[in-house]
$ cat final_30.pdb   # PDB, C-alpha atoms
ATOM      1  CA  MET A   1      29.844  40.091  26.889
ATOM      2  CA  SER A   2      28.287  37.035  25.263
ATOM      3  CA  GLY A   3      30.155  34.236  23.538
ATOM      4  CA  HIS A   4      28.859  35.535  20.195
ATOM      5  CA  ASP A   5      30.324  38.991  20.902
ATOM      6  CA  VAL A   6      33.677  37.478  21.860
ATOM      7  CA  ARG A   7      33.784  35.492  18.603
ATOM      8  CA  ASN A   8      32.939  38.601  16.588
ATOM      9  CA  LEU A   9      35.678  40.549  18.350
ATOM     10  CA  GLY A  10      38.113  37.758  17.566
ATOM     11  CA  ARG A  11      37.186  37.848  13.881
ATOM     12  CA  LEU A  12      37.548  41.630  13.764
ATOM     13  CA  ARG A  13      40.935  41.448  15.451
ATOM     14  CA  ARG A  14      42.093  38.789  12.993
ATOM     15  CA  ALA A  15      40.901  40.877  10.036
ATOM     16  CA  LEU A  16      42.815  43.907  11.342
ATOM     17  CA  GLU A  17      45.951  41.814  11.892
ATOM     18  CA  ASP A  18      45.659  40.396   8.363
ATOM     19  CA  SER A  19      45.432  43.942   6.952
ATOM     20  CA  LEU A  20      48.614  44.971   8.758
ATOM     21  CA  VAL A  21      50.426  41.826   7.594
ATOM     22  CA  ASP A  22      49.284  42.490   4.017
ATOM     23  CA  TYR A  23      50.578  46.066   4.239
ATOM     24  CA  ILE A  24      54.039  44.848   5.282
ATOM     25  CA  ILE A  25      54.130  42.240   2.501
ATOM     26  CA  GLU A  26      52.836  44.572  -0.226
ATOM     27  CA  ASN A  27      55.177  47.443   0.696
ATOM     28  CA  THR A  28      58.390  45.456   1.013
ATOM     29  CA  PRO A  29      60.576  45.199  -2.121
ATOM     30  CA  GLU A  30      60.486  41.696  -3.572
ATOM     31  CA  GLN A  31      63.376  39.572  -2.373
ATOM     32  CA  GLU A  32      65.472  37.160  -4.389
ATOM     33  CA  ASP A  33      64.331  34.319  -2.162
ATOM     34  CA  SER A  34      60.553  34.709  -2.124
ATOM     35  CA  ALA A  35      60.268  31.940   0.478
ATOM     36  CA  ASN A  36      61.667  34.269   3.126
ATOM     37  CA  PRO A  37      59.265  36.601   4.949
ATOM     38  CA  PRO A  38      59.668  40.397   4.718
ATOM     39  CA  PRO A  39      62.218  41.520   7.326
ATOM     40  CA  SER A  40      59.708  43.675   9.225
ATOM     41  CA  LEU A  41      57.071  40.949   9.525
ATOM     42  CA  GLY A  42      58.490  39.270  12.627
ATOM     43  CA  ARG A  43      58.534  42.545  14.562
ATOM     44  CA  LEU A  44      54.911  43.193  13.610
ATOM     45  CA  LEU A  45      53.770  39.700  14.581
ATOM     46  CA  TYR A  46      55.537  39.980  17.939
ATOM     47  CA  SER A  47      53.828  43.330  18.614
ATOM     48  CA  LEU A  48      50.445  41.880  17.654
ATOM     49  CA  GLY A  49      51.009  38.859  19.897
ATOM     50  CA  LEU A  50      52.007  41.112  22.795
ATOM     51  CA  SER A  51      48.942  43.297  22.250
ATOM     52  CA  ALA A  52      46.623  40.282  22.185
ATOM     53  CA  ALA A  53      48.173  38.875  25.374
ATOM     54  CA  ASN A  54      47.844  42.225  27.167
ATOM     55  CA  ALA A  55      44.165  42.419  26.196
ATOM     56  CA  SER A  56      43.385  38.996  27.651
ATOM     57  CA  PRO A  57      41.898  39.035  31.179
ATOM     58  CA  LYS A  58      43.788  35.784  31.840
ATOM     59  CA  THR A  59      47.195  37.454  31.398
ATOM     60  CA  LYS A  60      49.020  37.956  34.695
ATOM     61  CA  ASP A  61      52.482  38.811  33.384
ATOM     62  CA  HIS A  62      52.525  42.253  31.765
ATOM     63  CA  THR A  63      56.308  42.604  31.435
ATOM     64  CA  PRO A  64      56.772  44.743  28.291
ATOM     65  CA  ASP A  65      59.456  42.587  26.625
ATOM     66  CA  ARG A  66      58.285  39.098  27.579
ATOM     67  CA  SER A  67      57.986  36.101  25.258
ATOM     68  CA  VAL A  68      54.503  35.650  23.799
ATOM     69  CA  LEU A  69      52.608  33.153  21.680
ATOM     70  CA  ALA A  70      52.233  34.717  18.231
ATOM     71  CA  ARG A  71      51.629  33.907  14.588
ATOM     72  CA  SER A  72      54.802  32.520  13.027
ATOM     73  CA  HIS A  73      56.583  34.613  10.394
ATOM     74  CA  PHE A  74      57.664  31.452   8.615
ATOM     75  CA  PRO A  75      56.697  29.931   6.210
ATOM     76  CA  ILE A  76      55.566  33.036   4.372
ATOM     77  CA  TYR A  77      52.913  31.237   2.264
ATOM     78  CA  LEU A  78      50.710  31.003   5.360
ATOM     79  CA  HIS A  79      50.404  34.791   5.126
ATOM     80  CA  THR A  80      50.309  35.247   1.346
ATOM     81  CA  ARG A  81      47.885  32.391   0.605
ATOM     82  CA  ARG A  82      45.535  32.512   3.585
ATOM     83  CA  ASP A  83      42.380  31.975   1.500
ATOM     84  CA  THR A  84      42.235  28.487  -0.022
ATOM     85  CA  GLY A  85      39.486  29.563  -2.416
ATOM     86  CA  ASN A  86      36.644  27.654  -0.786
ATOM     87  CA  GLY A  87      36.025  30.078   2.049
ATOM     88  CA  VAL A  88      38.434  28.299   4.368
ATOM     89  CA  ASN A  89      41.568  30.062   5.559
ATOM     90  CA  LEU A  90      44.852  28.292   6.181
ATOM     91  CA  VAL A  91      45.572  27.898   9.875
ATOM     92  CA  THR A  92      48.577  30.025  10.757
ATOM     93  CA  LYS A  93      51.140  28.256  12.892
ATOM     94  CA  LYS A  94      51.734  29.812  16.307
ATOM     95  CA  VAL A  95      55.105  29.870  18.040
ATOM     96  CA  TRP A  96      56.628  31.427  21.133
ATOM     97  CA  MET A  97      58.408  34.582  20.100
ATOM     98  CA  ASN A  98      60.554  37.440  21.379
ATOM     99  CA  VAL A  99      62.685  40.211  19.897
ATOM    100  CA  ILE A 100      65.920  41.906  20.949
ATOM    101  CA  GLU A 101      67.075  45.355  19.913
ATOM    102  CA  LEU A 102      70.512  45.571  18.290
ATOM    103  CA  PRO A 103      73.290  47.967  19.361
ATOM    104  CA  GLN A 104      74.237  50.916  17.170
ATOM    105  CA  ASP A 105      77.459  52.839  16.621
ATOM    106  CA  SER A 106      76.675  56.482  17.454
ATOM    107  CA  ASN A 107      79.404  57.737  15.099
ATOM    108  CA  THR A 108      78.530  55.757  11.976
ATOM    109  CA  ASN A 109      74.863  54.896  12.798
ATOM    110  CA  GLU A 110      75.717  51.317  11.827
ATOM    111  CA  TYR A 111      73.824  48.570  13.625
ATOM    112  CA  HIS A 112      75.847  45.621  14.925
ATOM    113  CA  GLY A 113      74.287  42.193  14.601
ATOM    114  CA  ARG A 114      76.360  40.071  12.263
ATOM    115  CA  PHE A 115      78.477  38.864  15.185
ATOM    116  CA  LEU A 116      75.420  36.927  16.389
ATOM    117  CA  ALA A 117      75.147  35.019  13.108
ATOM    118  CA  SER A 118      78.366  32.998  13.060
ATOM    119  CA  ARG A 119      77.957  29.337  12.160
ATOM    120  CA  SER A 120      78.838  28.249  15.693
ATOM    121  CA  PHE A 121      76.260  30.617  17.216
ATOM    122  CA  MET A 122      73.506  29.608  14.778
ATOM    123  CA  ASN A 123      74.143  25.917  15.473
ATOM    124  CA  TYR A 124      74.081  26.612  19.215
ATOM    125  CA  TYR A 125      70.723  28.415  19.005
ATOM    126  CA  LYS A 126      69.260  25.511  17.066
ATOM    127  CA  ASN A 127      70.798  22.517  18.816
ATOM    128  CA  HIS A 128      71.091  23.747  22.405
ATOM    129  CA  PHE A 129      68.050  26.042  22.724
ATOM    130  CA  HIS A 130      65.902  24.526  19.936
ATOM    131  CA  CYS A 131      65.257  28.041  18.642
ATOM    132  CA  ARG A 132      65.132  29.679  15.249
ATOM    133  CA  VAL A 133      67.051  32.979  15.318
ATOM    134  CA  ASP A 134      66.724  35.550  12.536
ATOM    135  CA  ILE A 135      68.742  38.782  12.444
ATOM    136  CA  TYR A 136      67.308  41.643  10.387
ATOM    137  CA  GLY A 137      68.672  44.965   9.185
ATOM    138  CA  VAL A 138      72.425  44.317   9.224
ATOM    139  CA  TRP A 139      72.930  42.753   5.797
ATOM    140  CA  GLY A 140      73.687  45.655   3.460
ATOM    141  CA  ASP A 141      70.653  46.728   1.456
ATOM    142  CA  GLY A 142      68.347  44.755   3.751
ATOM    143  CA  GLN A 143      68.077  47.693   6.136
ATOM    144  CA  GLU A 144      66.425  49.818   3.458
ATOM    145  CA  SER A 145      63.452  47.450   3.269
ATOM    146  CA  LEU A 146      62.893  47.519   7.047
ATOM    147  CA  MET A 147      59.965  49.440   8.481
ATOM    148  CA  CYS A 148      61.452  49.252  11.969
ATOM    149  CA  ALA A 149      64.850  49.349  13.652
ATOM    150  CA  PRO A 150      67.139  46.315  13.054
ATOM    151  CA  TYR A 151      66.415  43.495  15.485
ATOM    152  CA  VAL A 152      66.841  39.841  16.427
ATOM    153  CA  LEU A 153      63.800  37.545  16.264
ATOM    154  CA  ILE A 154      63.791  34.377  18.390
ATOM    155  CA  THR A 155      61.112  31.706  17.938
ATOM    156  CA  SER A 156      60.483  28.211  19.266
ATOM    157  CA  ASP A 157      57.680  25.766  20.027
ATOM    158  CA  GLU A 158      58.389  26.149  23.765
ATOM    159  CA  LYS A 159      58.443  29.363  25.802
ATOM    160  CA  ILE A 160      61.297  28.190  28.037
ATOM    161  CA  ASN A 161      63.505  27.710  24.965
ATOM    162  CA  VAL A 162      62.954  31.307  23.858
ATOM    163  CA  ASP A 163      63.547  32.666  27.365
ATOM    164  CA  LYS A 164      66.844  30.779  27.707
ATOM    165  CA  CYS A 165      68.000  31.829  24.232
ATOM    166  CA  ILE A 166      67.136  35.463  25.016
ATOM    167  CA  GLN A 167      69.385  35.341  28.083
ATOM    168  CA  TYR A 168      72.255  33.881  26.071
ATOM    169  CA  ILE A 169      71.977  36.417  23.239
ATOM    170  CA  GLU A 170      71.582  39.340  25.643
ATOM    171  CA  HIS A 171      74.874  38.444  27.342
ATOM    172  CA  ARG A 172      76.620  38.145  23.966
ATOM    173  CA  ILE A 173      75.329  41.609  23.004
ATOM    174  CA  ARG A 174      76.503  43.088  26.305
ATOM    175  CA  GLU A 175      79.986  41.676  25.721
ATOM    176  CA  HIS A 176      79.990  43.182  22.212
ATOM    177  CA  GLU A 177      78.815  46.563  23.508
ATOM    178  CA  GLU A 178      81.618  46.710  26.042
ATOM    179  CA  LYS A 179      84.232  45.640  23.495
ATOM    180  CA  PHE A 180      83.213  48.015  20.679
ATOM    181  CA  GLY A 181      81.642  50.931  22.588
ATOM    182  CA  VAL A 182      78.210  50.603  20.970
ATOM    183  CA  SER A 183      74.831  50.758  22.700
ATOM    184  CA  ARG A 184      71.101  50.304  22.285
ATOM    185  CA  ALA A 185      68.621  53.168  22.250
ATOM    186  CA  GLY A 186      66.436  51.407  24.804
ATOM    187  CA  GLY A 187      69.385  50.348  26.947
ATOM    188  CA  ARG A 188      70.126  46.859  28.191
ATOM    189  CA  ARG A 189      67.313  44.360  28.510
ATOM    190  CA  VAL A 190      66.440  43.556  32.108
ATOM    191  CA  LEU A 191      66.920  39.809  32.598
ATOM    192  CA  ARG A 192      65.365  37.594  35.218
ATOM    193  CA  GLY A 193      66.875  38.321  38.628
ATOM    194  CA  GLU A 194      68.063  41.798  37.596
ATOM    195  CA  GLN A 195      66.601  45.138  38.596
ATOM    196  CA  PRO A 196      66.043  48.099  36.275
ATOM    197  CA  LYS A 197      68.731  50.754  36.699
ATOM    198  CA  HIS A 198      66.297  53.266  38.192
ATOM    199  CA  MET A 199      65.542  50.761  40.978
ATOM    200  CA  GLU A 200      69.174  50.036  41.834
ATOM    201  CA  THR A 201      70.532  51.602  45.005
TER     202      THR A 201
END
$ encode --input "final_30.pdb" --output "structure tokens"
Amino acid sequence: MSGHDVRNLGRLRRALEDSLVDYIIENTPEQEDSANPPPSLGRLLYSLGLSAANASPKTKDHTPDRSVLARSHFPIYLHTRRDTGNGVNLVTKKVWMNVIELPQDSNTNEYHGRFLASRSFMNYYKNHFHCRVDIYGVWGDGQESLMCAPYVLITSDEKINVDKCIQYIEHRIREHEEKFGVSRAGGRRVLRGEQPKHMET
């Protein structure tokens, strides 16, 4: 494949990604704070980043829930005002990103995630891990505007920050699951140094 073909493929991929982003934005009810991105956007951008990484011949790590470099969900104007009017598109910021599934109460179908958003936790994510953490789908009517299951989105300029924050949040979720008897549809995330349950002896 020539360099010209690779560039054309890149442009086609970007156009397809833009169409999916536009669909999310256009089909999400308008929020009071229009500066915030639609709640489903982060999950989409993570999936697109994971897909792009898996398609690259340079990718060696194909772990399904790994942190990837992806287009940032924030600020939203980078997605809503891509075309500057002179044929030049705004450059979308890229960040390291990962998502975590939230536990659900099987009796009430309620998702648990607010416990991760206390002031002390949010300050810890920011000051200790240098990460932005957004929790979607657990704030009343917000779940109705989601096009995916409620989730936690972790982003940072450095991959190691995201990986460390993921470990911290995963342990907090496990503690919550044990205390309140809730669980995640996909089960516990396998952390570094752990083995999947089907491999345990």
$ closest_residue --input "final_30.pdb" --among "A:Tyr124, A:Ala52, A:Trp96, A:His73" --to "A:Pro39" --atoms "all atoms listed in the file"
A:His73
$ closest_atom_pairs --input "final_30.pdb" --of "stretch 90-116 of chain A" --to "stretch 158-167 of chain A" --cutoff "12 Å" --atoms "only C-alpha atoms" --output "Markdown table"
| residue | atom | partner | partner_atom | distance |
| --- | --- | --- | --- | --- |
| A:Lys94 | CA | A:Glu158 | CA | 10.6 |
| A:Val95 | CA | A:Glu158 | CA | 7.6 |
| A:Trp96 | CA | A:Lys159 | CA | 5.4 |
| A:Met97 | CA | A:Val162 | CA | 6.7 |
| A:Asn98 | CA | A:Val162 | CA | 7.0 |
| A:Val99 | CA | A:Ile166 | CA | 8.3 |
| A:Ile100 | CA | A:Ile166 | CA | 7.7 |
| A:Glu101 | CA | A:Ile166 | CA | 11.1 |
| A:Leu116 | CA | A:Cys165 | CA | 11.9 |
$ resolve_selection --input "final_30.pdb" --expression "the PyMOL selection byres ((chain A and resi 133) around 7)" --output "list in words"
Tyr125, Cys131, Arg132, Asp134, Ile135, Val152, Leu153, Ile154 and Thr155 of chain A
$ resolve_selection --input "final_30.pdb" --expression "the PyMOL selection byres ((chain A and resi 102) around 12)" --output "PyMOL selection string"
chain A and resi 99-101+103-105+109-116+135-138+148-153+169-170+172-174+176-177+182-189
$ closest_residue --input "final_30.pdb" --among "A:Ile24, A:Lys58, A:Asn127, A:Leu45" --to "A:Ser145" --atoms "all atoms listed in the file"
A:Ile24
$ atom_distance --input "final_30.pdb" --atom1 "atom CA of A:Ser19" --atom2 "atom CA of A:Leu48"
12.0 Å
$ axis_aligned_box --input "final_30.pdb" --around "stretch 9-24 of chain A" --padding-each-side "4 Å" --output "lines of an AutoDock Vina configuration file"
center_x = 44.9
center_y = 41.9
center_z = 11.2
size_x = 26.4
size_y = 16.3
size_z = 22.3
$ closest_residue --input "final_30.pdb" --among "A:Arg43, A:Lys93, A:His171, A:Lys126" --to "A:Leu191" --atoms "all atoms listed in the file"
A:His171
